[in-house]
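Structure file model-v8.pdb with PDB, C-alpha atoms and all ligand atoms:
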ATOM      1  CA  MET C   1      63.184  41.658  39.385
ATOM      2  CA  SER C   2      65.195  42.842  36.368
ATOM      3  CA  ASP C   3      64.493  41.639  32.843
ATOM      4  CA  VAL C   4      68.107  40.521  32.643
ATOM      5  CA  THR C   5      70.684  39.660  35.277
ATOM      6  CA  VAL C   6      74.317  39.612  34.221
ATOM      7  CA  VAL C   7      76.450  37.436  36.472
ATOM      8  CA  GLY C   8      79.980  38.869  36.426
ATOM      9  CA  GLY C   9      81.193  42.445  36.753
ATOM     10  CA  GLY C  10      84.321  42.242  34.594
ATOM     11  CA  ILE C  11      84.909  43.939  31.265
ATOM     12  CA  VAL C  12      82.722  41.450  29.347
ATOM     13  CA  GLY C  13      79.793  41.428  31.797
ATOM     14  CA  LEU C  14      79.776  45.210  32.142
ATOM     15  CA  SER C  15      80.003  45.732  28.367
ATOM     16  CA  VAL C  16      77.065  43.375  27.815
ATOM     17  CA  ALA C  17      75.065  45.116  30.552
ATOM     18  CA  TRP C  18      75.791  48.569  29.136
ATOM     19  CA  ARG C  19      74.672  47.572  25.638
ATOM     20  CA  LEU C  20      71.468  46.034  27.051
ATOM     21  CA  VAL C  21      70.741  49.195  29.057
ATOM     22  CA  GLN C  22      71.322  51.380  25.985
ATOM     23  CA  ARG C  23      68.766  49.271  24.184
ATOM     24  CA  GLY C  24      66.184  49.799  26.921
ATOM     25  CA  ALA C  25      66.508  46.671  29.059
ATOM     26  CA  ASP C  26      66.164  46.615  32.816
ATOM     27  CA  VAL C  27      69.505  45.106  33.881
ATOM     28  CA  THR C  28      71.228  44.122  37.121
ATOM     29  CA  VAL C  29      74.890  43.099  37.236
ATOM     30  CA  LEU C  30      75.907  40.807  40.098
ATOM     31  CA  ASP C  31      79.582  41.350  40.792
ATOM     32  CA  GLY C  32      81.337  38.729  42.928
ATOM     33  CA  GLY C  33      84.033  41.229  43.888
ATOM     34  CA  ASP C  34      87.099  39.383  42.566
ATOM     35  CA  ASP C  35      89.266  41.284  40.138
ATOM     36  CA  GLY C  36      89.001  39.319  36.920
ATOM     37  CA  ALA C  37      91.526  38.919  34.124
ATOM     38  CA  TRP C  38      90.763  42.505  33.015
ATOM     39  CA  HIS C  39      92.496  43.868  36.133
ATOM     40  CA  VAL C  40      95.789  42.281  35.132
ATOM     41  CA  ALA C  41      95.408  42.618  31.344
ATOM     42  CA  ALA C  42      97.599  45.058  29.444
ATOM     43  CA  GLY C  43      94.764  45.892  27.033
ATOM     44  CA  MET C  44      96.384  45.037  23.724
ATOM     45  CA  LEU C  45      93.751  45.050  20.990
ATOM     46  CA  ALA C  46      95.602  42.569  18.819
ATOM     47  CA  PRO C  47      93.413  40.577  16.437
ATOM     48  CA  GLY C  48      96.446  39.007  14.773
ATOM     49  CA  GLY C  49      99.066  39.059  17.462
ATOM     50  CA  GLU C  50      97.894  36.974  20.382
ATOM     51  CA  SER C  51      98.305  33.501  18.942
ATOM     52  CA  GLU C  52      99.046  31.679  15.777
ATOM     53  CA  HIS C  53      95.551  30.243  15.568
ATOM     54  CA  GLU C  54      94.212  30.243  12.067
ATOM     55  CA  ASP C  55      90.567  29.480  12.759
ATOM     56  CA  PRO C  56      88.921  31.841  10.248
ATOM     57  CA  ALA C  57      85.737  32.299  12.322
ATOM     58  CA  LEU C  58      87.748  33.411  15.343
ATOM     59  CA  ILE C  59      89.914  35.724  13.251
ATOM     60  CA  ARG C  60      86.726  37.306  11.827
ATOM     61  CA  LEU C  61      85.334  37.814  15.330
ATOM     62  CA  LEU C  62      88.601  39.347  16.602
ATOM     63  CA  GLU C  63      88.843  41.644  13.590
ATOM     64  CA  ARG C  64      85.217  42.768  13.877
ATOM     65  CA  SER C  65      85.717  43.666  17.534
ATOM     66  CA  ALA C  66      88.968  45.526  16.784
ATOM     67  CA  GLN C  67      86.997  47.607  14.260
ATOM     68  CA  LEU C  68      84.360  48.371  16.899
ATOM     69  CA  TRP C  69      86.848  49.599  19.523
ATOM     70  CA  PRO C  70      87.446  53.203  18.367
ATOM     71  CA  ALA C  71      83.713  53.994  18.462
ATOM     72  CA  TYR C  72      83.242  51.997  21.678
ATOM     73  CA  ALA C  73      86.030  53.935  23.424
ATOM     74  CA  LYS C  74      84.404  57.228  22.321
ATOM     75  CA  GLU C  75      80.991  56.080  23.452
ATOM     76  CA  LEU C  76      82.316  55.588  27.002
ATOM     77  CA  GLY C  77      82.720  59.360  27.071
ATOM     78  CA  VAL C  78      85.888  59.553  29.187
ATOM     79  CA  ASP C  79      89.564  58.849  28.534
ATOM     80  CA  VAL C  80      89.994  55.057  28.579
ATOM     81  CA  GLY C  81      93.517  55.123  27.189
ATOM     82  CA  TYR C  82      92.571  54.124  23.656
ATOM     83  CA  ASP C  83      95.797  54.601  21.674
ATOM     84  CA  ASP C  84      96.174  53.846  17.989
ATOM     85  CA  ALA C  85      99.948  54.308  17.659
ATOM     86  CA  GLY C  86     100.107  50.660  16.578
ATOM     87  CA  THR C  87     102.259  47.660  17.410
ATOM     88  CA  LEU C  88     105.749  46.547  16.502
ATOM     89  CA  SER C  89     106.088  42.794  16.350
ATOM     90  CA  LEU C  90     109.758  41.948  16.792
ATOM     91  CA  ALA C  91     112.249  39.102  16.548
ATOM     92  CA  MET C  92     115.548  39.239  18.419
ATOM     93  CA  THR C  93     117.414  36.300  16.865
ATOM     94  CA  ALA C  94     117.396  34.289  13.648
ATOM     95  CA  ASP C  95     115.409  31.553  15.399
ATOM     96  CA  ASP C  96     112.897  34.114  16.684
ATOM     97  CA  LEU C  97     112.606  35.462  13.147
ATOM     98  CA  ALA C  98     111.947  32.010  11.702
ATOM     99  CA  GLN C  99     109.159  31.540  14.240
ATOM    100  CA  ARG C 100     107.453  34.905  13.585
ATOM    101  CA  ALA C 101     108.023  35.134   9.809
ATOM    102  CA  ARG C 102     105.216  32.701   8.958
ATOM    103  CA  VAL C 103     102.619  34.786  10.821
ATOM    104  CA  TRP C 104     103.920  38.057   9.349
ATOM    105  CA  LYS C 105     103.673  36.593   5.876
ATOM    106  CA  ARG C 106     100.086  35.515   6.436
ATOM    107  CA  GLN C 107      99.280  39.002   7.721
ATOM    108  CA  GLU C 108     100.977  40.531   4.643
ATOM    109  CA  LEU C 109     103.089  42.893   6.769
ATOM    110  CA  ALA C 110     106.298  44.339   5.315
ATOM    111  CA  LEU C 111     109.509  43.266   7.018
ATOM    112  CA  LEU C 112     111.426  46.211   8.545
ATOM    113  CA  ARG C 113     115.203  46.351   8.969
ATOM    114  CA  PRO C 114     116.741  47.054  12.401
ATOM    115  CA  SER C 115     117.534  50.665  11.431
ATOM    116  CA  GLU C 116     113.921  51.228  10.318
ATOM    117  CA  LEU C 117     112.681  49.749  13.589
ATOM    118  CA  ARG C 118     114.926  52.018  15.630
ATOM    119  CA  ASP C 119     113.725  55.044  13.636
ATOM    120  CA  LEU C 120     110.244  54.171  14.905
ATOM    121  CA  GLU C 121     111.352  53.192  18.404
ATOM    122  CA  PRO C 122     114.838  54.513  19.305
ATOM    123  CA  ALA C 123     114.949  52.713  22.690
ATOM    124  CA  LEU C 124     115.040  49.261  21.053
ATOM    125  CA  SER C 125     118.147  47.151  21.568
ATOM    126  CA  PRO C 126     120.542  47.150  18.594
ATOM    127  CA  ARG C 127     120.342  43.327  18.805
ATOM    128  CA  VAL C 128     116.772  43.304  17.400
ATOM    129  CA  ARG C 129     117.009  41.484  14.103
ATOM    130  CA  ALA C 130     113.722  42.224  12.335
ATOM    131  CA  GLY C 131     110.155  43.261  12.841
ATOM    132  CA  VAL C 132     106.928  44.514  11.332
ATOM    133  CA  PHE C 133     104.647  47.436  12.111
ATOM    134  CA  ASP C 134     100.949  46.694  12.420
ATOM    135  CA  PRO C 135      98.884  49.904  12.627
ATOM    136  CA  ARG C 136      95.685  47.903  13.247
ATOM    137  CA  GLU C 137      96.899  46.593  16.617
ATOM    138  CA  THR C 138      96.077  49.257  19.191
ATOM    139  CA  GLN C 139      95.609  49.418  22.959
ATOM    140  CA  VAL C 140      93.231  50.537  25.676
ATOM    141  CA  ASP C 141      93.560  50.659  29.483
ATOM    142  CA  PRO C 142      91.212  47.931  30.805
ATOM    143  CA  ARG C 143      91.100  49.411  34.322
ATOM    144  CA  LYS C 144      89.874  52.720  32.915
ATOM    145  CA  VAL C 145      87.311  50.931  30.740
ATOM    146  CA  VAL C 146      85.915  49.012  33.716
ATOM    147  CA  SER C 147      85.664  52.121  35.873
ATOM    148  CA  ALA C 148      83.938  54.022  33.024
ATOM    149  CA  LEU C 149      81.411  51.203  32.617
ATOM    150  CA  ARG C 150      80.811  50.984  36.379
ATOM    151  CA  GLU C 151      80.195  54.724  36.424
ATOM    152  CA  LYS C 152      77.676  54.441  33.575
ATOM    153  CA  LEU C 153      75.841  51.508  35.133
ATOM    154  CA  GLY C 154      75.783  53.027  38.634
ATOM    155  CA  PRO C 155      73.520  51.220  41.109
ATOM    156  CA  ARG C 156      72.686  48.544  38.543
ATOM    157  CA  VAL C 157      75.987  46.918  39.610
ATOM    158  CA  VAL C 158      75.329  45.079  42.853
ATOM    159  CA  PRO C 159      78.084  43.447  44.904
ATOM    160  CA  LYS C 160      76.894  39.855  45.256
ATOM    161  CA  ARG C 161      78.572  36.496  44.770
ATOM    162  CA  VAL C 162      76.338  33.983  42.958
ATOM    163  CA  GLU C 163      76.773  30.367  44.039
ATOM    164  CA  ALA C 164      74.104  28.849  41.764
ATOM    165  CA  LEU C 165      72.089  30.181  38.820
ATOM    166  CA  SER C 166      68.909  28.913  40.502
ATOM    167  CA  ASP C 167      69.464  31.688  43.087
ATOM    168  CA  VAL C 168      69.087  34.343  40.366
ATOM    169  CA  ASP C 169      65.578  35.660  40.006
ATOM    170  CA  SER C 170      65.357  36.884  36.373
ATOM    171  CA  ALA C 171      63.738  35.750  33.159
ATOM    172  CA  THR C 172      67.130  35.928  31.418
ATOM    173  CA  VAL C 173      70.543  35.336  32.954
ATOM    174  CA  VAL C 174      73.766  36.194  31.125
ATOM    175  CA  VAL C 175      76.744  34.376  32.625
ATOM    176  CA  ALA C 176      79.874  36.418  32.047
ATOM    177  CA  ALA C 177      81.823  35.261  35.061
ATOM    178  CA  GLY C 178      85.139  34.440  33.393
ATOM    179  CA  CYS C 179      86.756  31.419  35.054
ATOM    180  CA  GLY C 180      83.848  31.316  37.558
ATOM    181  CA  THR C 181      81.523  30.383  34.679
ATOM    182  CA  ALA C 182      82.692  26.757  34.943
ATOM    183  CA  ALA C 183      81.298  26.231  38.457
ATOM    184  CA  LEU C 184      78.009  27.964  37.563
ATOM    185  CA  THR C 185      77.316  26.154  34.286
ATOM    186  CA  GLY C 186      79.474  23.015  34.165
ATOM    187  CA  LEU C 187      81.099  24.324  30.983
ATOM    188  CA  PRO C 188      84.758  23.400  30.413
ATOM    189  CA  ILE C 189      86.560  26.637  31.244
ATOM    190  CA  ARG C 190      90.011  26.370  32.812
ATOM    191  CA  PRO C 191      92.122  29.074  34.460
ATOM    192  CA  VAL C 192      95.357  29.864  32.617
ATOM    193  CA  LYS C 193      97.685  31.801  34.900
ATOM    194  CA  GLY C 194      99.435  34.952  33.696
ATOM    195  CA  GLN C 195     101.961  36.998  35.667
ATOM    196  CA  VAL C 196     102.166  40.652  34.624
ATOM    197  CA  LEU C 197     104.429  43.504  35.761
ATOM    198  CA  ARG C 198     103.848  47.234  35.822
ATOM    199  CA  LEU C 199     106.723  49.715  35.646
ATOM    200  CA  ARG C 200     106.613  53.489  35.828
ATOM    201  CA  GLY C 201     108.864  56.254  34.574
ATOM    202  CA  GLU C 202     108.881  59.468  32.606
ATOM    203  CA  PRO C 203     106.512  59.137  29.617
ATOM    204  CA  GLY C 204     108.095  58.928  26.194
ATOM    205  CA  LEU C 205     110.644  56.097  26.391
ATOM    206  CA  LEU C 206     108.411  54.045  24.085
ATOM    207  CA  ARG C 207     105.611  55.025  21.725
ATOM    208  CA  HIS C 208     104.307  51.726  20.332
ATOM    209  CA  VAL C 209     103.122  48.468  21.808
ATOM    210  CA  LEU C 210     105.939  45.928  21.438
ATOM    211  CA  ASN C 211     105.229  42.249  21.045
ATOM    212  CA  ALA C 212     108.387  40.192  20.704
ATOM    213  CA  SER C 213     110.174  36.875  20.637
ATOM    214  CA  VAL C 214     113.424  37.314  22.549
ATOM    215  CA  ASP C 215     115.728  34.288  22.494
ATOM    216  CA  GLY C 216     112.693  32.014  22.393
ATOM    217  CA  ARG C 217     110.802  33.906  25.133
ATOM    218  CA  GLU C 218     107.571  35.737  24.344
ATOM    219  CA  VAL C 219     107.038  39.163  25.865
ATOM    220  CA  TYR C 220     104.850  42.188  25.297
ATOM    221  CA  ILE C 221     105.497  45.728  26.471
ATOM    222  CA  VAL C 222     102.632  48.211  26.529
ATOM    223  CA  PRO C 223     103.555  51.872  27.183
ATOM    224  CA  ARG C 224     100.851  54.228  28.379
ATOM    225  CA  ALA C 225     100.734  57.975  27.881
ATOM    226  CA  ASP C 226     101.129  58.610  31.646
ATOM    227  CA  GLY C 227     104.450  56.721  31.921
ATOM    228  CA  GLU C 228     103.100  53.337  33.018
ATOM    229  CA  VAL C 229     104.624  50.408  31.127
ATOM    230  CA  VAL C 230     102.951  46.994  31.323
ATOM    231  CA  VAL C 231     105.134  43.922  30.770
ATOM    232  CA  GLY C 232     103.503  40.553  30.226
ATOM    233  CA  ALA C 233     102.873  37.771  30.477
ATOM    234  CA  THR C 234     103.591  34.262  31.545
ATOM    235  CA  GLN C 235     101.177  31.592  30.360
ATOM    236  CA  GLU C 236     100.905  28.742  32.848
ATOM    237  CA  GLU C 237      98.356  25.949  33.219
ATOM    238  CA  ARG C 238      98.128  26.605  36.957
ATOM    239  CA  THR C 239      95.448  27.781  39.382
ATOM    240  CA  ASP C 240      97.625  29.371  42.100
ATOM    241  CA  ARG C 241      98.015  33.125  42.567
ATOM    242  CA  LEU C 242     101.733  33.190  43.324
ATOM    243  CA  VAL C 243     103.990  35.795  41.785
ATOM    244  CA  THR C 244     107.137  33.699  41.342
ATOM    245  CA  ALA C 245     110.794  34.677  41.180
ATOM    246  CA  GLY C 246     111.072  32.687  37.952
ATOM    247  CA  GLY C 247     108.072  34.402  36.362
ATOM    248  CA  VAL C 248     109.285  37.907  37.187
ATOM    249  CA  HIS C 249     112.832  37.031  36.108
ATOM    250  CA  GLU C 250     111.658  35.620  32.774
ATOM    251  CA  LEU C 251     109.581  38.719  31.977
ATOM    252  CA  LEU C 252     112.182  41.257  33.077
ATOM    253  CA  ARG C 253     115.010  39.469  31.274
ATOM    254  CA  ALA C 254     113.122  39.462  27.976
ATOM    255  CA  ALA C 255     111.863  43.046  28.421
ATOM    256  CA  LEU C 256     115.276  44.467  29.353
ATOM    257  CA  ASP C 257     117.037  42.565  26.552
ATOM    258  CA  LEU C 258     114.566  44.170  24.147
ATOM    259  CA  VAL C 259     114.533  47.685  25.659
ATOM    260  CA  PRO C 260     117.565  48.166  27.936
ATOM    261  CA  GLY C 261     116.322  51.590  29.121
ATOM    262  CA  LEU C 262     113.469  49.917  31.025
ATOM    263  CA  ALA C 263     116.030  49.029  33.704
ATOM    264  CA  GLU C 264     115.774  52.608  35.040
ATOM    265  CA  LEU C 265     112.010  52.458  35.636
ATOM    266  CA  GLU C 266     110.364  51.783  38.985
ATOM    267  CA  LEU C 267     108.795  48.334  39.343
ATOM    268  CA  THR C 268     105.409  49.313  40.775
ATOM    269  CA  GLU C 269     103.283  46.190  40.553
ATOM    270  CA  THR C 270     103.506  42.436  40.149
ATOM    271  CA  THR C 271     100.156  40.737  39.577
ATOM    272  CA  VAL C 272      98.624  37.405  38.673
ATOM    273  CA  GLY C 273      95.435  36.804  36.727
ATOM    274  CA  HIS C 274      93.734  33.776  35.216
ATOM    275  CA  ARG C 275      92.569  33.816  31.627
ATOM    276  CA  PRO C 276      89.401  31.790  31.052
ATOM    277  CA  GLY C 277      90.482  29.156  28.508
ATOM    278  CA  THR C 278      88.233  26.663  26.735
ATOM    279  CA  PRO C 279      89.225  23.360  25.092
ATOM    280  CA  ASP C 280      89.712  25.142  21.735
ATOM    281  CA  ASN C 281      90.606  28.485  23.382
ATOM    282  CA  ALA C 282      87.738  30.177  21.510
ATOM    283  CA  PRO C 283      84.945  31.937  23.440
ATOM    284  CA  LEU C 284      81.560  30.586  24.495
ATOM    285  CA  LEU C 285      78.886  32.915  23.103
ATOM    286  CA  GLY C 286      75.237  31.992  22.952
ATOM    287  CA  ARG C 287      72.330  30.239  24.575
ATOM    288  CA  LEU C 288      72.902  27.411  26.990
ATOM    289  CA  ASP C 289      69.157  26.924  27.489
ATOM    290  CA  ASP C 290      65.918  28.955  27.320
ATOM    291  CA  ARG C 291      66.932  31.132  30.256
ATOM    292  CA  VAL C 292      70.721  31.188  30.299
ATOM    293  CA  VAL C 293      73.039  32.927  27.817
ATOM    294  CA  VAL C 294      76.806  32.511  28.139
ATOM    295  CA  ALA C 295      79.454  35.155  27.326
ATOM    296  CA  ALA C 296      82.681  33.692  28.660
ATOM    297  CA  GLY C 297      85.876  31.795  27.847
ATOM    298  CA  HIS C 298      87.537  34.676  25.990
ATOM    299  CA  PHE C 299      91.006  33.387  26.956
ATOM    300  CA  ARG C 300      93.681  35.964  25.911
ATOM    301  CA  ASN C 301      91.186  38.239  24.167
ATOM    302  CA  GLY C 302      88.597  39.351  26.730
ATOM    303  CA  VAL C 303      89.364  43.056  26.370
ATOM    304  CA  LEU C 304      89.484  42.931  22.582
ATOM    305  CA  LEU C 305      86.271  40.909  22.310
ATOM    306  CA  ALA C 306      84.183  42.948  24.794
ATOM    307  CA  PRO C 307      82.394  45.192  22.241
ATOM    308  CA  VAL C 308      81.501  42.459  19.770
ATOM    309  CA  THR C 309      80.373  40.206  22.619
ATOM    310  CA  ALA C 310      78.120  42.995  23.916
ATOM    311  CA  ASP C 311      76.497  43.445  20.499
ATOM    312  CA  ILE C 312      76.022  39.712  19.942
ATOM    313  CA  VAL C 313      74.522  39.072  23.380
ATOM    314  CA  ALA C 314      72.237  42.132  23.222
ATOM    315  CA  GLY C 315      70.954  40.967  19.827
ATOM    316  CA  LEU C 316      70.351  37.481  21.149
ATOM    317  CA  VAL C 317      68.608  38.564  24.354
ATOM    318  CA  LEU C 318      66.510  41.429  22.976
ATOM    319  CA  ASP C 319      65.789  40.390  19.377
ATOM    320  CA  GLY C 320      66.262  36.616  19.576
ATOM    321  CA  ALA C 321      68.790  37.140  16.764
ATOM    322  CA  ASP C 322      71.610  34.647  16.286
ATOM    323  CA  ASP C 323      74.473  36.706  14.854
ATOM    324  CA  PRO C 324      76.163  34.573  12.170
ATOM    325  CA  MET C 325      79.496  35.750  13.628
ATOM    326  CA  SER C 326      78.792  33.687  16.743
ATOM    327  CA  ALA C 327      77.629  30.503  15.011
ATOM    328  CA  ASP C 328      80.933  28.720  15.672
ATOM    329  CA  PHE C 329      81.079  29.701  19.329
ATOM    330  CA  SER C 330      77.983  28.063  20.804
ATOM    331  CA  PRO C 331      78.519  27.008  24.433
ATOM    332  CA  ARG C 332      76.804  23.755  23.482
ATOM    333  CA  ARG C 333      79.668  22.721  21.169
ATOM    334  CA  PHE C 334      81.428  20.767  23.949
TER
HETATM  335  N1  LIG K   1      96.086  39.327  26.199
HETATM  336  C1  LIG K   1      97.320  39.193  26.848
HETATM  337  C2  LIG K   1      97.472  38.014  27.663
HETATM  338  O1  LIG K   1      96.564  37.207  27.780
HETATM  339  O2  LIG K   1      98.528  37.836  28.224
END
Is it possible to give me this structure as structure tokens?
Amino acid sequence: MSDVTVVGGGIVGLSVAWRLVQRGADVTVLDGGDDGAWHVAAGMLAPGGESEHEDPALIRLLERSAQLWPAYAKELGVDVGYDDAGTLSLAMTADDLAQRARVWKRQELALLRPSELRDLEPALSPRVRAGVFDPRETQVDPRKVVSALREKLGPRVVPKRVEALSDVDSATVVVAAGCGTAALTGLPIRPVKGQVLRLRGEPGLLRHVLNASVDGREVYIVPRADGEVVVGATQEERTDRLVTAGGVHELLRAALDLVPGLAELELTETTVGHRPGTPDNAPLLGRLDDRVVVAAGHFRNGVLLAPVTADIVAGLVLDGADDPMSADFSPRRF
């Protein structure tokens, strides 16, 4: 019997397990075998860019985790695609600009003219009206992170689907099962469908992450050093796993309007994932009872929040320490 069993072998569960192991705990990860949201995720580390939420506690948590990422990526010891070229947030039309300008102002980012934007990213459409550069918004490849963590944890990761927490034989159980956390704990986590595309071409068409409003449609484009380009994502309150003609069309139309040169790339993958959303779309971090700790409900920010979640949960499990950063995210708040 391990000291701690982590239920869930996605980026959050594995990060928690790795931090616990580093601190000397005897840990088993039970991995149900489904690819979680991490498998679909583009890996944008965007503390300001994923929503217009203004909850200061959540912004603090997102920013803290973004600060942890460079060291966390190094600690994994292999290339996990951490790239700090930064993000261009873009508006295609006057209406798109009106919508984004409020957030840019709050973030105190300087507005760039179209010519300045194209100096940074020559493949952008000449129709792009305005944008800002945020050097703090970086990226990582979630698939590489998960395989690095699996490698580090080795046989501690056991393929096993957990149907009930009473079946788990450990003094402490950390539930990090994404959307599956709802069935295990009764907590209100809902699946929020996202369709994501992967393209591939010669590296170098784009340098920065692009996050844009294009004629009222939201799209992000994440170029990797090896020529992969991730285009995402729909956001649908649906549980199905269908890649739809409408979803693909919506994403490609926005992406190609923004960067016409993407039309030449090969479309290599269409995928669907489900983000674990909570009623306030903030994560559930903390004790549910004497035995069970929850690390779930990270919604659009699971990759970004993995390192801070690992530190908070390790502190809670091993030191009994309630990190003040997590005070607002108790799973008992609902
Ligand atoms: N973090 C990107 C997404 O949820 O689509």
Report, as AutoDock Vina command-line options, the axis-aligned box around all atoms of ligand LIG 1 (chain K) present in the file, extended by 4 Å on each side; give centre and edge lengths in Å to one decimal place.
--center_x 97.3 --center_y 38.3 --center_z 27.2 --size_x 10.4 --size_y 10.1 --size_z 10.0
Output the neighbourhood of ligand LIG 1 (chain K) as a VMD selection string, that is, all protein and nucleic acid residues with some atom at most 7 Å from the ligand, counting only C-alpha atoms and all ligand atoms.
chain C and resid 41 to 44 50 194 232 to 233 275 299 to 301
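Of the residues under consideration (C:Val272, C:Val214, C:Ala46, C:Val294), C:Val272 shows the shortest atom-to-atom contact distance to Asp240 (chain C) when counting all atoms listed in the file.
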d(CA of Asp79 (chain C), CA of Thr309 (chain C)) in Å:
21.6 Å
Closest contacts (region 158-230 of chain C/region 93-96 of chain C, max 7 Å, all atoms listed in the file) as JSON lines:
{"residue": "C:Ser213", "atom": "CA", "partner": "C:Asp96", "partner_atom": "CA", "distance": 5.5}
{"residue": "C:Val214", "atom": "CA", "partner": "C:Asp96", "partner_atom": "CA", "distance": 6.7}
{"residue": "C:Asp215", "atom": "CA", "partner": "C:Thr93", "partner_atom": "CA", "distance": 6.2}
{"residue": "C:Gly216", "atom": "CA", "partner": "C:Asp96", "partner_atom": "CA", "distance": 6.1}
Near-Thr181 (chain C) list (10 Å; only C-alpha atoms; drop same-chain fewer than 2 positions) as a VMD selection string:
chain C and resid 7 to 8 175 to 179 183 to 190 276 294 to 297
I want to know what sits within 7 Å of Ser170 (chain C), based on all atoms listed in the file, with residues of the same chain fewer than 5 positions away left out; could you give that as a list in words?
Met1, Ser2, Asp3, Val4 and Thr5 of chain C
Please provide the set of residues having any atom within 8 Å of Leu112 (chain C), restricted to only C-alpha atoms, with same-chain residues fewer than 4 positions apart removed, written as a PDB file with C-alpha atoms, keeping the file's coordinate frame.
ATOM      1  CA  GLU C 116     113.921  51.228  10.318  1.00  0.00           C
ATOM      2  CA  LEU C 117     112.681  49.749  13.589  1.00  0.00           C
ATOM      3  CA  ALA C 130     113.722  42.224  12.335  1.00  0.00           C
ATOM      4  CA  GLY C 131     110.155  43.261  12.841  1.00  0.00           C
ATOM      5  CA  VAL C 132     106.928  44.514  11.332  1.00  0.00           C
ATOM      6  CA  PHE C 133     104.647  47.436  12.111  1.00  0.00           C
TER       7      PHE C 133
END
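Nearest-residue note for Ile312 (chain C): choosing from C:Leu109, C:Ala225, C:Val174, C:Val128, the minimum distance belongs to C:Val174, counting all atoms listed in the file.
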